[in-house]
$ cat my_file23.txt   # compact mmCIF, C-alpha atoms
# COMPACT_ATOMS: atom_id res chain seq x y z
CA MET A 1 0.00 0.00 0.00
CA GLY A 2 1.41 3.37 -0.96
CA THR A 3 0.34 6.80 0.14
CA ASN A 4 -3.34 7.15 -0.64
CA SER A 5 -5.25 10.12 0.66
CA VAL A 6 -8.90 10.35 -0.28
CA ALA A 7 -11.96 11.90 1.33
CA VAL A 8 -15.50 11.33 0.04
CA ASP A 9 -18.55 12.90 1.62
CA ILE A 10 -21.99 11.61 0.60
CA VAL A 11 -25.39 12.89 1.71
CA VAL A 12 -28.41 10.86 0.63
CA PRO A 13 -32.05 10.57 1.69
CA SER A 14 -32.37 7.78 4.25
CA ARG A 15 -34.28 5.49 1.91
CA THR A 16 -33.44 2.03 0.64
CA GLU A 17 -33.34 3.05 -3.03
CA TYR A 18 -30.06 4.85 -2.26
CA LEU A 19 -28.29 1.74 -0.91
CA ALA A 20 -27.08 0.77 -4.39
CA LEU A 21 -25.73 4.27 -5.04
CA VAL A 22 -23.71 4.40 -1.81
CA GLY A 23 -22.50 0.82 -2.34
CA SER A 24 -21.37 1.56 -5.88
CA ILE A 25 -19.48 4.70 -4.80
CA ALA A 26 -17.56 2.54 -2.30
CA GLU A 27 -16.84 0.00 -5.06
CA CYS A 28 -15.52 2.68 -7.42
CA LEU A 29 -13.35 4.09 -4.66
CA ALA A 30 -11.83 0.67 -3.91
CA ARG A 31 -11.10 0.07 -7.61
CA SER A 32 -9.33 3.42 -7.84
CA LEU A 33 -6.80 2.56 -5.11
CA GLU A 34 -3.88 1.89 -7.43
CA ALA A 35 -1.44 1.69 -4.54
CA TYR A 36 -3.45 -1.07 -2.83
CA SER A 37 -1.50 -4.31 -3.09
CA GLY A 38 -4.43 -6.64 -2.33
CA ASP A 39 -7.33 -7.78 -4.51
CA ARG A 40 -9.13 -4.56 -5.39
CA GLU A 41 -12.22 -6.36 -6.70
CA ALA A 42 -12.56 -8.25 -3.42
CA LEU A 43 -12.12 -5.00 -1.49
CA ALA A 44 -14.73 -3.34 -3.72
CA PHE A 45 -17.27 -6.07 -2.99
CA ASP A 46 -16.54 -6.02 0.76
CA LEU A 47 -16.92 -2.23 0.96
CA ASN A 48 -20.17 -2.44 -0.98
CA VAL A 49 -21.44 -4.95 1.61
CA VAL A 50 -20.21 -2.86 4.54
CA LEU A 51 -21.69 0.40 3.25
CA THR A 52 -24.98 -1.27 2.32
CA GLU A 53 -25.32 -2.80 5.79
CA ALA A 54 -24.20 0.33 7.63
CA VAL A 55 -26.54 2.64 5.72
CA MET A 56 -29.45 0.20 6.07
CA ASN A 57 -28.77 0.04 9.79
CA ALA A 58 -28.95 3.82 9.99
CA ILE A 59 -32.20 3.82 7.99
CA GLN A 60 -33.73 1.20 10.31
CA HIS A 61 -32.43 2.32 13.66
CA GLY A 62 -31.26 5.86 13.23
CA SER A 63 -33.79 7.85 11.29
CA PRO A 64 -36.78 9.34 13.00
CA LEU A 65 -39.97 7.66 11.87
CA SER A 66 -42.01 9.29 9.11
CA SER A 67 -39.41 11.91 8.39
CA PRO A 68 -37.71 12.34 5.02
CA ASP A 69 -34.39 12.54 6.80
CA MET A 70 -30.96 12.51 5.27
CA LEU A 71 -27.92 10.40 6.06
CA ARG A 72 -24.32 11.41 5.76
CA VAL A 73 -21.61 8.94 4.87
CA ARG A 74 -17.99 9.98 5.03
CA ILE A 75 -15.20 7.78 3.67
CA ASP A 76 -11.57 8.69 4.39
CA ILE A 77 -8.43 6.95 3.31
CA GLU A 78 -5.30 8.19 5.00
CA GLY A 79 -2.24 6.13 4.22
CA GLU A 80 -3.16 2.55 5.07
CA VAL A 81 -6.30 3.26 7.08
CA LEU A 82 -9.76 3.34 5.57
CA SER A 83 -12.41 4.96 7.78
CA ILE A 84 -16.14 5.01 7.18
CA ARG A 85 -18.47 7.15 9.25
CA VAL A 86 -22.23 6.88 8.88
CA HIS A 87 -24.03 9.75 10.58
CA ASP A 88 -27.69 9.74 11.46
CA SER A 89 -29.90 11.96 13.52
CA GLY A 90 -32.36 9.45 14.93
CA GLN A 91 -32.69 7.88 18.36
CA GLY A 92 -29.83 5.47 17.68
CA PHE A 93 -29.23 1.93 18.89
CA VAL A 94 -26.97 -0.13 21.13
CA LEU A 95 -24.35 -1.77 18.94
CA ASP A 96 -23.86 -4.89 21.07
CA GLU A 97 -27.59 -5.58 21.25
CA LEU A 98 -27.66 -5.78 17.46
CA ALA A 99 -24.49 -7.85 17.31
CA GLU A 100 -25.36 -10.57 19.80
CA ARG A 101 -27.26 -12.82 17.44
CA ASP A 102 -25.75 -15.99 16.05
CA PRO A 103 -25.49 -15.55 12.27
CA ALA A 104 -25.87 -19.29 11.70
CA ALA A 105 -29.24 -19.37 13.48
CA LEU A 106 -32.06 -19.44 10.99
CA GLU A 107 -33.28 -15.94 11.80
CA GLU A 108 -34.21 -13.89 8.77
CA SER A 109 -32.61 -10.69 10.07
CA GLY A 110 -29.83 -9.55 12.37
CA ARG A 111 -26.71 -10.34 10.31
CA GLY A 112 -25.83 -6.75 9.32
CA ILE A 113 -23.50 -5.87 12.21
CA PHE A 114 -22.04 -9.38 12.11
CA LEU A 115 -21.05 -8.86 8.46
CA ILE A 116 -19.63 -5.40 9.15
CA ARG A 117 -17.53 -6.78 12.02
CA ALA A 118 -16.34 -9.67 9.87
CA LEU A 119 -15.18 -7.37 7.06
CA MET A 120 -13.78 -4.42 9.05
CA ASP A 121 -11.11 -4.23 11.75
CA SER A 122 -12.99 -2.00 14.20
CA VAL A 123 -16.59 -0.95 14.69
CA SER A 124 -17.88 1.66 17.13
CA TYR A 125 -21.08 3.61 17.58
CA ARG A 126 -21.43 6.77 19.56
CA LYS A 127 -24.18 9.21 20.29
CA THR A 128 -23.22 12.87 20.22
CA PRO A 129 -25.31 16.02 20.77
CA SER A 130 -25.31 16.60 17.01
CA GLY A 131 -26.28 13.03 16.08
CA ASN A 132 -25.07 9.45 16.05
CA VAL A 133 -22.01 8.08 14.29
CA LEU A 134 -21.24 4.51 13.30
CA GLU A 135 -17.48 4.44 12.74
CA LEU A 136 -15.75 1.60 10.90
CA LYS A 137 -12.05 1.19 10.23
CA LYS A 138 -10.00 -1.15 8.13
CA LYS A 139 -6.28 -1.35 7.63
CA LEU A 140 -5.44 -1.69 3.97
CA GLY A 141 -2.44 -3.65 2.85
CA MET B 1 -37.94 -6.86 -8.49
CA ASN B 2 -37.44 -8.34 -11.91
CA VAL B 3 -38.04 -12.11 -11.85
CA GLU B 4 -39.13 -14.82 -14.26
CA VAL B 5 -40.92 -18.03 -13.35
CA GLU B 6 -40.67 -21.14 -15.50
CA ARG B 7 -42.69 -24.20 -14.63
CA GLY B 8 -40.97 -27.35 -15.79
CA GLU B 9 -41.94 -30.98 -15.29
CA GLN B 10 -39.65 -31.44 -12.33
CA TRP B 11 -38.74 -27.98 -11.14
CA THR B 12 -40.37 -24.62 -10.94
CA VAL B 13 -37.53 -22.20 -11.64
CA LEU B 14 -37.55 -18.70 -10.21
CA ARG B 15 -34.95 -16.62 -12.07
CA VAL B 16 -33.86 -13.50 -10.23
CA LEU B 17 -33.09 -11.03 -13.02
CA GLU B 18 -31.38 -8.46 -10.82
CA GLU B 19 -27.66 -7.88 -10.33
CA ARG B 20 -28.26 -6.67 -6.82
CA VAL B 21 -30.47 -8.05 -4.04
CA ASP B 22 -30.53 -5.71 -1.06
CA ALA B 23 -32.97 -4.26 1.45
CA HIS B 24 -34.64 -2.29 -1.33
CA ASN B 25 -35.91 -5.36 -3.20
CA SER B 26 -35.44 -8.32 -0.83
CA GLY B 27 -38.98 -7.93 0.53
CA GLU B 28 -40.31 -8.57 -2.97
CA LEU B 29 -38.09 -11.62 -3.36
CA LYS B 30 -39.45 -13.03 -0.12
CA SER B 31 -43.05 -12.39 -1.26
CA VAL B 32 -42.47 -14.13 -4.61
CA LEU B 33 -40.87 -17.14 -2.90
CA LEU B 34 -43.69 -17.47 -0.38
CA GLU B 35 -46.37 -17.04 -3.07
CA LEU B 36 -44.87 -19.85 -5.15
CA LEU B 37 -44.65 -22.15 -2.13
CA GLU B 38 -48.20 -21.21 -1.17
CA LYS B 39 -49.26 -22.57 -4.58
CA ASN B 40 -47.85 -25.94 -3.53
CA VAL B 41 -44.75 -25.85 -5.66
CA ALA B 42 -42.93 -28.98 -4.45
CA SER B 43 -39.52 -28.35 -6.04
CA LEU B 44 -38.43 -24.75 -6.32
CA ALA B 45 -35.10 -23.80 -7.91
CA VAL B 46 -33.99 -20.22 -7.37
CA ASP B 47 -31.64 -19.22 -10.17
CA LEU B 48 -29.22 -16.61 -8.81
CA SER B 49 -26.79 -16.67 -11.75
CA GLN B 50 -27.51 -13.02 -12.61
CA VAL B 51 -27.06 -11.83 -9.02
CA ARG B 52 -23.66 -10.21 -8.38
CA PHE B 53 -24.42 -8.73 -4.97
CA ILE B 54 -26.50 -9.78 -1.99
CA ASP B 55 -26.79 -8.24 1.47
CA SER B 56 -28.03 -9.63 4.78
CA SER B 57 -31.65 -8.87 3.94
CA GLY B 58 -31.32 -10.80 0.68
CA LEU B 59 -29.94 -13.79 2.59
CA GLY B 60 -32.86 -13.36 4.99
CA ALA B 61 -35.39 -13.48 2.13
CA LEU B 62 -33.91 -16.75 0.86
CA LEU B 63 -33.93 -18.11 4.39
CA ALA B 64 -37.62 -17.26 4.69
CA GLY B 65 -38.18 -19.31 1.53
CA TYR B 66 -36.07 -22.17 2.88
CA LYS B 67 -37.98 -22.29 6.17
CA ASN B 68 -41.35 -22.10 4.44
CA ALA B 69 -40.36 -24.86 2.02
CA ASN B 70 -39.30 -27.05 4.95
CA LEU B 71 -42.63 -26.54 6.67
CA ARG B 72 -44.40 -27.68 3.51
CA GLN B 73 -41.96 -30.52 2.88
CA ALA B 74 -41.05 -28.83 -0.38
CA ARG B 75 -37.52 -28.58 -1.74
CA LEU B 76 -35.72 -25.31 -2.32
CA LEU B 77 -32.52 -25.27 -4.32
CA LEU B 78 -30.18 -22.38 -5.16
CA VAL B 79 -28.70 -22.49 -8.65
CA GLY B 80 -25.71 -20.69 -10.17
CA VAL B 81 -24.58 -18.76 -7.11
CA GLN B 82 -21.73 -16.45 -8.16
CA PRO B 83 -18.43 -16.66 -6.23
CA ARG B 84 -18.74 -13.35 -4.36
CA VAL B 85 -22.35 -14.07 -3.47
CA GLN B 86 -21.22 -17.53 -2.34
CA SER B 87 -18.72 -15.82 -0.04
CA MET B 88 -21.63 -14.12 1.75
CA PHE B 89 -23.25 -17.52 2.40
CA GLU B 90 -19.93 -18.80 3.71
CA LEU B 91 -19.29 -15.78 5.93
CA THR B 92 -22.68 -16.26 7.57
CA ARG B 93 -22.30 -20.07 7.48
CA LEU B 94 -25.59 -20.34 5.58
CA HIS B 95 -23.87 -22.46 2.91
CA HIS B 96 -24.42 -25.34 5.33
CA VAL B 97 -28.17 -24.65 5.28
CA PHE B 98 -28.96 -24.26 1.60
CA GLU B 99 -28.69 -26.87 -1.11
CA MET B 100 -26.72 -25.27 -3.95
CA VAL B 101 -25.72 -26.41 -7.44
CA ASN B 102 -24.06 -24.68 -10.38
CA HIS B 103 -26.57 -26.01 -12.90
CA LEU B 104 -29.99 -27.55 -12.50
CA ASP B 105 -28.99 -30.61 -14.55
CA GLU B 106 -26.52 -31.56 -11.79
CA VAL B 107 -29.31 -32.65 -9.53
CA SER B 108 -32.00 -35.25 -9.81
CA ILE B 109 -35.48 -34.85 -8.42
CA GLN B 110 -35.22 -38.19 -6.59
CA GLN B 111 -32.49 -36.93 -4.25
$ encode --input "my_file23.txt" --output "structure tokens"
Amino acid sequence: MGTNSVAVDIVVPSRTEYLALVGSIAECLARSLEAYSGDREALAFDLNVVLTEAVMNAIQHGSPLSSPDMLRVRIDIEGEVLSIRVHDSGQGFVLDELAERDPAALEESGRGIFLIRALMDSVSYRKTPSGNVLELKKKLG
Amino acid sequence: MNVEVERGEQWTVLRVLEERVDAHNSGELKSVLLELLEKNVASLAVDLSQVRFIDSSGLGALLAGYKNANLRQARLLLVGVQPRVQSMFELTRLHHVFEMVNHLDEVSIQQ
């Protein structure tokens, strides 16, 4: 991995039709990382999954009901560290409560945070006076 | 969601004609699966060969179909799962749950 430095800021309505857009931006970004020594197509797919799950989580748990709210997604690459922050302004959630479920159980939902944790190196969620932030980090290379 | 249903002698094939199955269209996939099973389809093959991306809600929709098929003693088979989509089944260990083949002619109805 060489010296990449990229910042992408995305603001979209918190609706499911925008999942594909956010996911494809992450894919394009991964493919553009010429200094990345790993499999860029695999990284592109993984980031698409991570962004799709993180944004859907914010739509489900973060946005106030019946409000055409917006979500902000910020992707930063500084050197070898990729950071994703998904901001929402809803009531939020408790990360560990969503992550407790066994993915192999035959439940139809509840695998989103599991997938994010499997594909990223660190996952945190914090509530701030100006909103909630799901922060994900991955070391590239 | 863009799908096509073909009723053969042995299998009813549901072709998912979308490159992406995510929370925006997975609800429709679940509805189509459950509707077909409701009509007493005994052997349902879900052709995923066009699908390049699936998220947790898409896996959940297929799992809803699997569970419903089991209740009805019907058979649900996934066909043509692409490698990256397969990796999502493996990550969530659901590849142990679903019966999967590359092509429908690899499997006999008697199994």
$ residues_around --input "my_file23.txt" --residues "range 60-77 of chain B" --least-positions-apart "5" --cutoff "10 Å" --atoms "only C-alpha atoms" --output "ChimeraX atom specification"
/A:106-111 /B:11-13,21-23,25-38,40-47,55,94,97-101,104,107,109
$ write_last_selection --input "my_file23.txt" --atoms "C-alpha atoms" --output "compact mmCIF listing (two decimals), in the frame of the given file"
# COMPACT_ATOMS: atom_id res chain seq x y z
CA LEU A 106 -32.06 -19.44 10.99
CA GLU A 107 -33.28 -15.94 11.80
CA GLU A 108 -34.21 -13.89 8.77
CA SER A 109 -32.61 -10.69 10.07
CA GLY A 110 -29.83 -9.55 12.37
CA ARG A 111 -26.71 -10.34 10.31
CA TRP B 11 -38.74 -27.98 -11.14
CA THR B 12 -40.37 -24.62 -10.94
CA VAL B 13 -37.53 -22.20 -11.64
CA VAL B 21 -30.47 -8.05 -4.04
CA ASP B 22 -30.53 -5.71 -1.06
CA ALA B 23 -32.97 -4.26 1.45
CA ASN B 25 -35.91 -5.36 -3.20
CA SER B 26 -35.44 -8.32 -0.83
CA GLY B 27 -38.98 -7.93 0.53
CA GLU B 28 -40.31 -8.57 -2.97
CA LEU B 29 -38.09 -11.62 -3.36
CA LYS B 30 -39.45 -13.03 -0.12
CA SER B 31 -43.05 -12.39 -1.26
CA VAL B 32 -42.47 -14.13 -4.61
CA LEU B 33 -40.87 -17.14 -2.90
CA LEU B 34 -43.69 -17.47 -0.38
CA GLU B 35 -46.37 -17.04 -3.07
CA LEU B 36 -44.87 -19.85 -5.15
CA LEU B 37 -44.65 -22.15 -2.13
CA GLU B 38 -48.20 -21.21 -1.17
CA ASN B 40 -47.85 -25.94 -3.53
CA VAL B 41 -44.75 -25.85 -5.66
CA ALA B 42 -42.93 -28.98 -4.45
CA SER B 43 -39.52 -28.35 -6.04
CA LEU B 44 -38.43 -24.75 -6.32
CA ALA B 45 -35.10 -23.80 -7.91
CA VAL B 46 -33.99 -20.22 -7.37
CA ASP B 47 -31.64 -19.22 -10.17
CA ASP B 55 -26.79 -8.24 1.47
CA LEU B 94 -25.59 -20.34 5.58
CA VAL B 97 -28.17 -24.65 5.28
CA PHE B 98 -28.96 -24.26 1.60
CA GLU B 99 -28.69 -26.87 -1.11
CA MET B 100 -26.72 -25.27 -3.95
CA VAL B 101 -25.72 -26.41 -7.44
CA LEU B 104 -29.99 -27.55 -12.50
CA VAL B 107 -29.31 -32.65 -9.53
CA ILE B 109 -35.48 -34.85 -8.42
$ interface_residues --input "my_file23.txt" --of "chain A" --to "chain B" --cutoff "8 Å" --atoms "all atoms listed in the file" --output "VMD selection string"
chain A and resid 16 to 17 19 to 20 45 49 52 to 53 56 103 to 104 106 to 112 115 118
$ residues_around --input "my_file23.txt" --residues "Asp76 in chain A" --least-positions-apart "4" --cutoff "8 Å" --atoms "all atoms listed in the file" --output "ChimeraX atom specification"
/A:5-8,82-84
$ atom_distance --input "my_file23.txt" --atom1 "CA of Val86 in chain A" --atom2 "CA of Arg40 in chain A"
22.5 Å
$ closest_residue --input "my_file23.txt" --among "A:Ser14, A:Glu80, A:Ile116, A:Gly90" --to "Asn48 in chain A" --atoms "only C-alpha atoms"
A:Ile116
$ closest_residue --input "my_file23.txt" --among "A:Ile77, A:Leu134, A:His61, A:Ser89" --to "Tyr36 in chain A" --atoms "all atoms listed in the file"
A:Ile77
$ axis_aligned_box --input "my_file23.txt" --around "range 45-51 of chain B" --padding-each-side "3 Å" --output "JSON"
{"center_x": -30.9, "center_y": -17.8, "center_z": -10.0, "size_x": 14.3, "size_y": 18.0, "size_z": 11.2}
